[in-house]
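Trainee: What follows is structure-v3.cif, made up of mmCIF, C-alpha atoms and all ligand atoms:
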```cif
data_entry
loop_
_atom_site.group_PDB
_atom_site.id
_atom_site.type_symbol
_atom_site.label_atom_id
_atom_site.label_comp_id
_atom_site.auth_asym_id
_atom_site.auth_seq_id
_atom_site.Cartn_x
_atom_site.Cartn_y
_atom_site.Cartn_z
ATOM 1 C CA MET A 11 -33.347 -177.256 -19.829
ATOM 2 C CA ALA A 12 -31.348 -179.209 -22.401
ATOM 3 C CA LEU A 13 -29.405 -177.641 -25.238
ATOM 4 C CA PRO A 14 -30.574 -178.431 -28.800
ATOM 5 C CA PRO A 15 -28.028 -180.212 -31.055
ATOM 6 C CA ASP A 16 -26.917 -177.054 -32.904
ATOM 7 C CA ARG A 17 -26.150 -175.337 -29.586
ATOM 8 C CA ILE A 18 -24.222 -178.350 -28.337
ATOM 9 C CA ASP A 19 -22.168 -178.153 -31.521
ATOM 10 C CA ARG A 20 -21.672 -174.402 -31.172
ATOM 11 C CA PHE A 21 -20.408 -174.621 -27.590
ATOM 12 C CA ALA A 22 -18.557 -177.938 -27.924
ATOM 13 C CA ARG A 23 -15.205 -176.464 -26.781
ATOM 14 C CA HIS A 24 -16.838 -175.259 -23.550
ATOM 15 C CA ILE A 25 -18.802 -178.416 -22.920
ATOM 16 C CA VAL A 26 -15.719 -180.607 -23.225
ATOM 17 C CA LEU A 27 -14.013 -178.632 -20.449
ATOM 18 C CA PRO A 28 -14.669 -180.412 -17.130
ATOM 19 C CA GLU A 29 -14.633 -176.996 -15.414
ATOM 20 C CA ILE A 30 -17.679 -175.879 -17.452
ATOM 21 C CA GLY A 31 -19.362 -178.944 -18.952
ATOM 22 C CA GLY A 32 -22.931 -179.324 -20.117
ATOM 23 C CA ALA A 33 -24.370 -178.054 -16.833
ATOM 24 C CA GLY A 34 -22.233 -174.933 -16.977
ATOM 25 C CA GLN A 35 -23.190 -174.269 -20.595
ATOM 26 C CA VAL A 36 -26.888 -174.623 -19.789
ATOM 27 C CA ALA A 37 -26.422 -172.185 -16.901
ATOM 28 C CA LEU A 38 -24.763 -169.636 -19.209
ATOM 29 C CA ALA A 39 -27.682 -169.915 -21.646
ATOM 30 C CA GLU A 40 -30.052 -169.037 -18.794
ATOM 31 C CA ARG A 41 -28.087 -165.966 -17.690
ATOM 32 C CA HIS A 42 -28.876 -162.306 -18.319
ATOM 33 C CA VAL A 43 -26.027 -159.793 -18.385
ATOM 34 C CA ALA A 44 -26.507 -156.022 -18.408
ATOM 35 C CA LEU A 45 -23.606 -154.333 -20.203
ATOM 36 C CA VAL A 46 -23.260 -150.686 -19.286
ATOM 37 C CA GLY A 47 -20.951 -148.840 -21.626
ATOM 38 C CA LEU A 48 -20.459 -150.278 -25.111
ATOM 39 C CA GLY A 49 -17.002 -148.838 -25.716
ATOM 40 C CA GLY A 50 -13.456 -150.141 -25.453
ATOM 41 C CA ILE A 51 -14.359 -152.575 -22.681
ATOM 42 C CA GLY A 52 -17.973 -153.311 -23.572
ATOM 43 C CA SER A 53 -17.173 -154.207 -27.195
ATOM 44 C CA PRO A 54 -14.731 -157.086 -26.633
ATOM 45 C CA ALA A 55 -16.622 -158.143 -23.502
ATOM 46 C CA LEU A 56 -19.831 -158.435 -25.523
ATOM 47 C CA GLN A 57 -18.057 -160.468 -28.193
ATOM 48 C CA TYR A 58 -16.717 -163.020 -25.722
ATOM 49 C CA LEU A 59 -19.859 -163.164 -23.597
ATOM 50 C CA ALA A 60 -22.034 -163.640 -26.681
ATOM 51 C CA GLY A 61 -19.545 -166.236 -27.879
ATOM 52 C CA ALA A 62 -19.852 -167.932 -24.485
ATOM 53 C CA GLY A 63 -23.572 -168.427 -25.024
ATOM 54 C CA ILE A 64 -25.032 -165.969 -22.515
ATOM 55 C CA GLY A 65 -28.756 -166.101 -23.244
ATOM 56 C CA ARG A 66 -29.817 -162.497 -22.746
ATOM 57 C CA PHE A 67 -28.244 -159.048 -22.747
ATOM 58 C CA THR A 68 -29.345 -155.576 -21.834
ATOM 59 C CA LEU A 69 -27.195 -153.151 -23.841
ATOM 60 C CA ILE A 70 -26.870 -149.760 -22.195
ATOM 61 C CA ASP A 71 -25.151 -146.768 -23.812
ATOM 62 C CA ASP A 72 -26.447 -143.381 -24.918
ATOM 63 C CA GLY A 73 -23.469 -142.552 -27.136
ATOM 64 C CA ARG A 74 -22.901 -142.612 -30.871
ATOM 65 C CA VAL A 75 -20.103 -144.350 -32.721
ATOM 66 C CA GLU A 76 -17.262 -142.015 -33.689
ATOM 67 C CA LEU A 77 -14.469 -142.705 -36.155
ATOM 68 C CA SER A 78 -11.871 -142.561 -33.358
ATOM 69 C CA ASN A 79 -13.719 -145.404 -31.557
ATOM 70 C CA LEU A 80 -12.818 -147.946 -34.253
ATOM 71 C CA GLN A 81 -9.225 -148.196 -32.975
ATOM 72 C CA ARG A 82 -10.456 -150.322 -30.019
ATOM 73 C CA GLN A 83 -14.251 -150.699 -30.023
ATOM 74 C CA THR A 84 -14.245 -153.920 -31.954
ATOM 75 C CA ILE A 85 -17.949 -154.479 -32.617
ATOM 76 C CA TYR A 86 -18.263 -151.351 -34.762
ATOM 77 C CA ALA A 87 -17.338 -150.776 -38.388
ATOM 78 C CA GLU A 88 -17.219 -147.706 -40.593
ATOM 79 C CA ARG A 89 -20.901 -147.973 -41.485
ATOM 80 C CA ASP A 90 -21.793 -147.573 -37.783
ATOM 81 C CA VAL A 91 -20.123 -144.169 -37.443
ATOM 82 C CA GLY A 92 -22.780 -141.630 -36.485
ATOM 83 C CA HIS A 93 -25.243 -144.298 -35.367
ATOM 84 C CA GLY A 94 -26.181 -145.092 -31.784
ATOM 85 C CA LYS A 95 -23.877 -147.522 -30.006
ATOM 86 C CA ALA A 96 -26.689 -149.529 -28.424
ATOM 87 C CA VAL A 97 -28.456 -149.997 -31.779
ATOM 88 C CA SER A 98 -25.187 -150.831 -33.539
ATOM 89 C CA ALA A 99 -24.269 -153.334 -30.806
ATOM 90 C CA ARG A 100 -27.659 -154.997 -31.195
ATOM 91 C CA ARG A 101 -27.010 -155.282 -34.935
ATOM 92 C CA TRP A 102 -23.655 -156.934 -34.226
ATOM 93 C CA LEU A 103 -25.380 -159.400 -31.884
ATOM 94 C CA ALA A 104 -28.121 -160.205 -34.384
ATOM 95 C CA ASN A 105 -25.505 -160.996 -37.023
ATOM 96 C CA PHE A 106 -23.507 -163.096 -34.590
ATOM 97 C CA ASP A 107 -26.182 -165.232 -32.941
ATOM 98 C CA GLN A 108 -29.915 -164.991 -33.587
ATOM 99 C CA ALA A 109 -30.707 -167.036 -30.489
ATOM 100 C CA ILE A 110 -29.590 -164.327 -28.048
ATOM 101 C CA ALA A 111 -32.319 -162.155 -26.537
ATOM 102 C CA VAL A 112 -31.509 -158.470 -26.278
ATOM 103 C CA GLU A 113 -32.965 -155.377 -24.671
ATOM 104 C CA LEU A 114 -31.753 -151.847 -25.347
ATOM 105 C CA ALA A 115 -31.374 -148.834 -23.114
ATOM 106 C CA ASP A 116 -29.991 -145.903 -25.065
ATOM 107 C CA ARG A 117 -30.649 -143.251 -22.422
ATOM 108 C CA ARG A 118 -27.981 -141.911 -20.104
ATOM 109 C CA VAL A 119 -27.797 -143.923 -16.892
ATOM 110 C CA GLY A 120 -27.790 -141.871 -13.711
ATOM 111 C CA ALA A 121 -28.754 -142.270 -10.076
ATOM 112 C CA ASP A 122 -32.457 -142.044 -10.973
ATOM 113 C CA THR A 123 -32.467 -144.409 -13.943
ATOM 114 C CA ALA A 124 -29.835 -147.051 -13.168
ATOM 115 C CA ARG A 125 -32.100 -149.443 -11.263
ATOM 116 C CA ALA A 126 -34.652 -149.658 -14.067
ATOM 117 C CA ALA A 127 -31.912 -150.113 -16.682
ATOM 118 C CA ILE A 128 -30.338 -153.147 -14.964
ATOM 119 C CA ALA A 129 -33.569 -154.754 -13.715
ATOM 120 C CA GLY A 130 -33.686 -158.519 -14.114
ATOM 121 C CA ALA A 131 -29.973 -158.976 -14.796
ATOM 122 C CA ASP A 132 -27.923 -161.697 -13.099
ATOM 123 C CA LEU A 133 -24.785 -159.590 -13.478
ATOM 124 C CA VAL A 134 -23.946 -156.031 -14.436
ATOM 125 C CA LEU A 135 -20.703 -155.455 -16.326
ATOM 126 C CA ASP A 136 -19.748 -151.806 -16.058
ATOM 127 C CA GLY A 137 -17.355 -150.531 -18.694
ATOM 128 C CA THR A 138 -18.322 -146.862 -18.481
ATOM 129 C CA ASP A 139 -15.721 -144.122 -18.433
ATOM 130 C CA ASN A 140 -16.702 -141.828 -15.559
ATOM 131 C CA PHE A 141 -17.002 -142.137 -11.807
ATOM 132 C CA ALA A 142 -20.453 -140.558 -11.455
ATOM 133 C CA THR A 143 -22.002 -143.221 -13.687
ATOM 134 C CA ARG A 144 -19.973 -146.022 -12.095
ATOM 135 C CA LEU A 145 -21.118 -145.023 -8.611
ATOM 136 C CA ALA A 146 -24.762 -144.723 -9.724
ATOM 137 C CA ILE A 147 -24.539 -148.221 -11.208
ATOM 138 C CA SER A 148 -22.829 -149.593 -8.086
ATOM 139 C CA ASP A 149 -25.536 -148.168 -5.805
ATOM 140 C CA ALA A 150 -28.240 -149.590 -8.089
ATOM 141 C CA CYS A 151 -26.566 -153.013 -8.017
ATOM 142 C CA VAL A 152 -26.433 -153.032 -4.209
ATOM 143 C CA ALA A 153 -30.066 -151.909 -3.962
ATOM 144 C CA SER A 154 -31.163 -154.543 -6.493
ATOM 145 C CA GLY A 155 -29.026 -157.379 -5.105
ATOM 146 C CA ILE A 156 -27.180 -157.770 -8.436
ATOM 147 C CA PRO A 157 -23.430 -158.496 -8.551
ATOM 148 C CA LEU A 158 -21.240 -155.954 -10.332
ATOM 149 C CA LEU A 159 -18.176 -156.564 -12.415
ATOM 150 C CA SER A 160 -16.416 -153.253 -12.791
ATOM 151 C CA ALA A 161 -13.806 -152.727 -15.497
ATOM 152 C CA ALA A 162 -11.797 -149.653 -16.414
ATOM 153 C CA VAL A 163 -8.867 -148.906 -18.697
ATOM 154 C CA GLY A 164 -6.646 -145.992 -19.654
ATOM 155 C CA ARG A 165 -3.326 -145.670 -21.480
ATOM 156 C CA PHE A 166 -1.619 -149.003 -20.636
ATOM 157 C CA GLN A 167 -3.426 -149.787 -17.365
ATOM 158 C CA GLY A 168 -6.592 -151.777 -16.782
ATOM 159 C CA GLN A 169 -8.505 -152.946 -13.752
ATOM 160 C CA VAL A 170 -11.274 -155.488 -13.250
ATOM 161 C CA GLY A 171 -13.026 -156.223 -9.959
ATOM 162 C CA ALA A 172 -16.063 -158.213 -8.831
ATOM 163 C CA PHE A 173 -18.305 -156.627 -6.215
ATOM 164 C CA ALA A 174 -21.256 -157.948 -4.228
ATOM 165 C CA GLY A 175 -21.990 -155.149 -1.771
ATOM 166 C CA HIS A 176 -25.497 -156.538 -1.217
ATOM 167 C CA LEU A 177 -23.924 -159.488 0.637
ATOM 168 C CA PRO A 178 -22.804 -159.210 4.262
ATOM 169 C CA GLY A 179 -19.059 -158.681 4.509
ATOM 170 C CA GLU A 180 -18.547 -158.024 0.784
ATOM 171 C CA ALA A 181 -17.406 -154.688 -0.608
ATOM 172 C CA CYS A 182 -19.181 -152.605 -3.243
ATOM 173 C CA TYR A 183 -17.472 -150.399 -5.816
ATOM 174 C CA ARG A 184 -18.151 -147.356 -3.603
ATOM 175 C CA CYS A 185 -16.231 -149.029 -0.751
ATOM 176 C CA TYR A 186 -13.280 -149.040 -3.143
ATOM 177 C CA VAL A 187 -13.362 -145.500 -4.544
ATOM 178 C CA GLY A 188 -15.238 -143.581 -1.818
ATOM 179 C CA ASP A 189 -17.677 -140.731 -2.289
ATOM 180 C CA ALA A 190 -15.322 -138.136 -3.735
ATOM 181 C CA PHE A 191 -16.132 -138.990 -7.327
ATOM 182 C CA ASP A 192 -19.915 -138.514 -7.281
ATOM 183 C CA ALA A 193 -19.366 -135.320 -9.217
ATOM 184 C CA ASP A 194 -19.091 -135.973 -12.941
ATOM 185 C CA ASP A 195 -15.353 -136.578 -13.058
ATOM 186 C CA CYS A 196 -14.703 -138.012 -16.462
ATOM 187 C CA ASP A 197 -11.633 -140.023 -17.223
ATOM 188 C CA THR A 198 -9.743 -138.290 -19.979
ATOM 189 C CA CYS A 199 -9.293 -141.029 -22.556
ATOM 190 C CA ALA A 200 -9.281 -138.487 -25.388
ATOM 191 C CA GLU A 201 -6.422 -136.517 -23.815
ATOM 192 C CA ASP A 202 -4.446 -139.365 -22.270
ATOM 193 C CA GLY A 203 -4.702 -141.854 -25.103
ATOM 194 C CA MET A 204 -5.088 -145.607 -24.911
ATOM 195 C CA LEU A 205 -3.465 -148.572 -26.567
ATOM 196 C CA GLY A 206 -6.284 -150.342 -28.415
ATOM 197 C CA ALA A 207 -5.205 -153.838 -27.430
ATOM 198 C CA MET A 208 -5.067 -152.730 -23.783
ATOM 199 C CA SER A 209 -8.822 -152.175 -23.761
ATOM 200 C CA GLY A 210 -9.129 -155.520 -25.550
ATOM 201 C CA TRP A 211 -7.159 -157.283 -22.814
ATOM 202 C CA THR A 212 -9.175 -155.589 -20.081
ATOM 203 C CA GLY A 213 -12.516 -156.253 -21.795
ATOM 204 C CA THR A 214 -11.838 -159.906 -22.515
ATOM 205 C CA PHE A 215 -10.455 -160.426 -19.003
ATOM 206 C CA ALA A 216 -13.687 -158.874 -17.705
ATOM 207 C CA ALA A 217 -15.652 -161.331 -19.859
ATOM 208 C CA MET A 218 -13.710 -164.232 -18.339
ATOM 209 C CA GLN A 219 -14.347 -162.977 -14.809
ATOM 210 C CA ALA A 220 -18.031 -162.516 -15.706
ATOM 211 C CA VAL A 221 -18.242 -166.179 -16.716
ATOM 212 C CA ARG A 222 -16.654 -167.065 -13.347
ATOM 213 C CA VAL A 223 -19.352 -165.083 -11.520
ATOM 214 C CA LEU A 224 -22.164 -166.497 -13.649
ATOM 215 C CA LEU A 225 -21.073 -170.098 -13.049
ATOM 216 C CA ASP A 226 -20.959 -169.721 -9.255
ATOM 217 C CA ASP A 227 -22.438 -172.963 -7.823
ATOM 218 C CA LYS A 228 -22.989 -174.298 -11.367
ATOM 219 C CA SER A 229 -19.600 -175.675 -12.374
ATOM 220 C CA ALA A 230 -16.021 -175.900 -11.105
ATOM 221 C CA PHE A 231 -15.002 -172.705 -12.951
ATOM 222 C CA GLY A 232 -17.590 -170.759 -10.968
ATOM 223 C CA ASP A 233 -15.851 -168.595 -8.372
ATOM 224 C CA PRO A 234 -16.971 -164.991 -8.141
ATOM 225 C CA GLN A 235 -13.859 -163.751 -6.291
ATOM 226 C CA TRP A 236 -15.792 -160.945 -4.614
ATOM 227 C CA GLY A 237 -13.722 -157.965 -3.558
ATOM 228 C CA ARG A 238 -10.693 -158.910 -5.596
ATOM 229 C CA LEU A 239 -9.440 -156.202 -7.907
ATOM 230 C CA HIS A 240 -7.076 -157.266 -10.669
ATOM 231 C CA LEU A 241 -4.688 -154.649 -12.030
ATOM 232 C CA LEU A 242 -3.463 -155.161 -15.592
ATOM 233 C CA ASP A 243 -0.257 -153.427 -16.599
ATOM 234 C CA GLY A 244 0.362 -153.433 -20.321
ATOM 235 C CA LEU A 245 3.744 -151.715 -20.125
ATOM 236 C CA LYS A 246 5.641 -154.450 -18.259
ATOM 237 C CA PRO A 247 3.370 -156.488 -18.883
ATOM 238 C CA ALA A 248 2.196 -157.835 -15.524
ATOM 239 C CA MET A 249 -0.826 -158.391 -13.317
ATOM 240 C CA ARG A 250 -1.397 -158.020 -9.614
ATOM 241 C CA THR A 251 -4.403 -158.402 -7.377
ATOM 242 C CA LEU A 252 -5.700 -156.306 -4.498
ATOM 243 C CA ARG A 253 -8.297 -157.218 -1.900
ATOM 244 C CA ILE A 254 -11.015 -154.599 -1.325
ATOM 245 C CA ALA A 255 -12.565 -154.684 2.154
ATOM 246 C CA LYS A 256 -16.140 -153.684 2.928
ATOM 247 C CA ASP A 257 -16.365 -150.208 4.447
ATOM 248 C CA PRO A 258 -18.914 -150.469 7.296
ATOM 249 C CA ALA A 259 -19.689 -146.754 6.843
ATOM 250 C CA CYS A 260 -20.085 -147.002 3.045
ATOM 251 C CA ARG A 261 -22.954 -144.909 1.705
ATOM 252 C CA GLY A 262 -23.698 -147.597 -0.872
ATOM 253 C CA CYS A 263 -23.636 -150.839 1.088
ATOM 254 C CA GLY A 264 -22.852 -150.073 4.740
ATOM 255 C CA THR A 265 -25.226 -150.322 7.661
ATOM 256 C CA PRO A 266 -26.815 -146.976 8.560
ATOM 257 C CA PRO A 267 -25.809 -145.936 12.125
ATOM 258 C CA ASP A 268 -29.408 -146.047 13.383
ATOM 259 C CA ALA A 269 -30.254 -149.439 11.868
HETATM 260 ZN ZN ZN B 1 -19.835 -150.239 -0.173
#
```
Could you render the structure from this file as structure tokens?
Mentor:
Amino acid sequence: MALPPDRIDRFARHIVLPEIGGAGQVALAERHVALVGLGGIGSPALQYLAGAGIGRFTLIDDGRVELSNLQRQTIYAERDVGHGKAVSARRWLANFDQAIAVELADRRVGADTARAAIAGADLVLDGTDNFATRLAISDACVASGIPLLSAAVGRFQGQVGAFAGHLPGEACYRCYVGDAFDADDCDTCAEDGMLGAMSGWTGTFAAMQAVRVLLDDKSAFGDPQWGRLHLLDGLKPAMRTLRIAKDPACRGCGTPPDA
């Protein structure tokens, strides 16, 4: 595949980077990202991934835009309030770049529906706000052999980690958090509050890490950094990185005892 002249012009600042280059840009155009959760993380992540020239998205969210979302969910405007997030996100994408293919899933994603929702994706970016959904998505990623970039944010703290539990020796998100959160244990963003720019930092950092995963073996920037969890502290500000090990007994990605 070669990029047409208008696309070469559009992505000129990428293509001139030796770490991405023409080959990397072509690879991005061939990639399909499933975005689960179109909120404080999903909004800026979608903007930078669409800007990066990702060719196809599946947009997954069953929520509606509320006025209090506009403080940090950057793809929505006042006219979107009361409308579905997935539909509104598709409208943002259509205005931004007509060349991007998009599929919608505006049903709630759970253990029974996650696999179908993410089918065909090269990467799942999870920006949802509760552990039950995150674990359902993680299990679906392992079962489908799809890498997972997990991102979360609250108050002044963010975290972004890349997981490939389908690969031998690599952790999944369940290895990290364990089984205790399968019950619907929602993070309390409404009660705890969140600095808008903090979700922007976390979401755009997740977009950058997603590009790293998507360019694995395609250009020098490609480096999925499996099992590394980056912690973003907006108060100091500072970052640090943890290494998540595979749990051999993990219910999501471990080897069953009788296998
Ligand atoms: Zn695991």
Trainee: Would you kindly translate the PyMOL selection byres (((not hetatm)) within 9 of (chain B and resi 1)) into the concrete residues it picks from this file, as an mmCIF file with C-alpha atoms, keeping the file's coordinate frame?
Mentor:
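The resulting out_16.cif:
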```
data_model
loop_
_atom_site.group_PDB
_atom_site.id
_atom_site.type_symbol
_atom_site.label_atom_id
_atom_site.label_comp_id
_atom_site.auth_asym_id
_atom_site.auth_seq_id
_atom_site.Cartn_x
_atom_site.Cartn_y
_atom_site.Cartn_z
ATOM 1 C CA SER A 148 -22.829 -149.593 -8.086
ATOM 2 C CA ASP A 149 -25.536 -148.168 -5.805
ATOM 3 C CA VAL A 152 -26.433 -153.032 -4.209
ATOM 4 C CA PHE A 173 -18.305 -156.627 -6.215
ATOM 5 C CA ALA A 174 -21.256 -157.948 -4.228
ATOM 6 C CA GLY A 175 -21.990 -155.149 -1.771
ATOM 7 C CA HIS A 176 -25.497 -156.538 -1.217
ATOM 8 C CA GLU A 180 -18.547 -158.024 0.784
ATOM 9 C CA ALA A 181 -17.406 -154.688 -0.608
ATOM 10 C CA CYS A 182 -19.181 -152.605 -3.243
ATOM 11 C CA TYR A 183 -17.472 -150.399 -5.816
ATOM 12 C CA ARG A 184 -18.151 -147.356 -3.603
ATOM 13 C CA CYS A 185 -16.231 -149.029 -0.751
ATOM 14 C CA TYR A 186 -13.280 -149.040 -3.143
ATOM 15 C CA GLY A 188 -15.238 -143.581 -1.818
ATOM 16 C CA ALA A 255 -12.565 -154.684 2.154
ATOM 17 C CA LYS A 256 -16.140 -153.684 2.928
ATOM 18 C CA ASP A 257 -16.365 -150.208 4.447
ATOM 19 C CA PRO A 258 -18.914 -150.469 7.296
ATOM 20 C CA ALA A 259 -19.689 -146.754 6.843
ATOM 21 C CA CYS A 260 -20.085 -147.002 3.045
ATOM 22 C CA ARG A 261 -22.954 -144.909 1.705
ATOM 23 C CA GLY A 262 -23.698 -147.597 -0.872
ATOM 24 C CA CYS A 263 -23.636 -150.839 1.088
ATOM 25 C CA GLY A 264 -22.852 -150.073 4.740
#
```
Trainee: Name the residues in contact with Ala37 in chain A at a cut-off of 9 Å, using all atoms listed in the file, excluding same-chain residues fewer than 5 positions from it; report them as a count of residues only.
Mentor: 6
Trainee: Residues around (-28.7, -149.2, -31.8), cut-off 10 Å, counting all atoms listed in the file - what are they as number ranges by chain?
Mentor: A: 69-75, 90, 93-102, 114-116
Trainee: Quick one: pull the distance between CA of Asp136 in chain A and CA of Leu158 in chain A, Å, one decimal.
Mentor: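 Separating CA of Asp136 in chain A from CA of Leu158 in chain A is a distance of 7.2 Å.
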Trainee: Neighbours of Phe67 in chain A within 6 Å (only C-alpha atoms; same-chain residues fewer than 6 positions away dropped), as JSON, numbers by chain?
Mentor: {"A": [42, 43, 44, 112]}
Trainee: List the residues matched by the PyMOL selection byres (((chain A and resi 162) around 8) and not hetatm) in the displayed structure as a PDB file with C-alpha atoms, keeping the file's coordinate frame, ordered by chain and then by residue number.
Mentor:
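Done, and the output landed in part14.pdb:
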```pdb
ATOM      1  CA  ILE A  51     -14.359-152.575 -22.681  1.00  0.00           C
ATOM      2  CA  GLY A 137     -17.355-150.531 -18.694  1.00  0.00           C
ATOM      3  CA  THR A 138     -18.322-146.862 -18.481  1.00  0.00           C
ATOM      4  CA  ASP A 139     -15.721-144.122 -18.433  1.00  0.00           C
ATOM      5  CA  SER A 160     -16.416-153.253 -12.791  1.00  0.00           C
ATOM      6  CA  ALA A 161     -13.806-152.727 -15.497  1.00  0.00           C
ATOM      7  CA  VAL A 163      -8.867-148.906 -18.697  1.00  0.00           C
ATOM      8  CA  GLY A 164      -6.646-145.992 -19.654  1.00  0.00           C
ATOM      9  CA  GLY A 168      -6.592-151.777 -16.782  1.00  0.00           C
ATOM     10  CA  GLN A 169      -8.505-152.946 -13.752  1.00  0.00           C
ATOM     11  CA  VAL A 170     -11.274-155.488 -13.250  1.00  0.00           C
ATOM     12  CA  THR A 212      -9.175-155.589 -20.081  1.00  0.00           C
TER      13      THR A 212
END
```
Trainee: Would you list the contacts of Ala207 in chain A as a VMD selection string, taking every protein, DNA or RNA residue within 10 Å and counting only C-alpha atoms, but skipping same-chain residues closer than 6 positions in sequence?
Mentor: chain A and resid 50 81 to 83 166 213 244
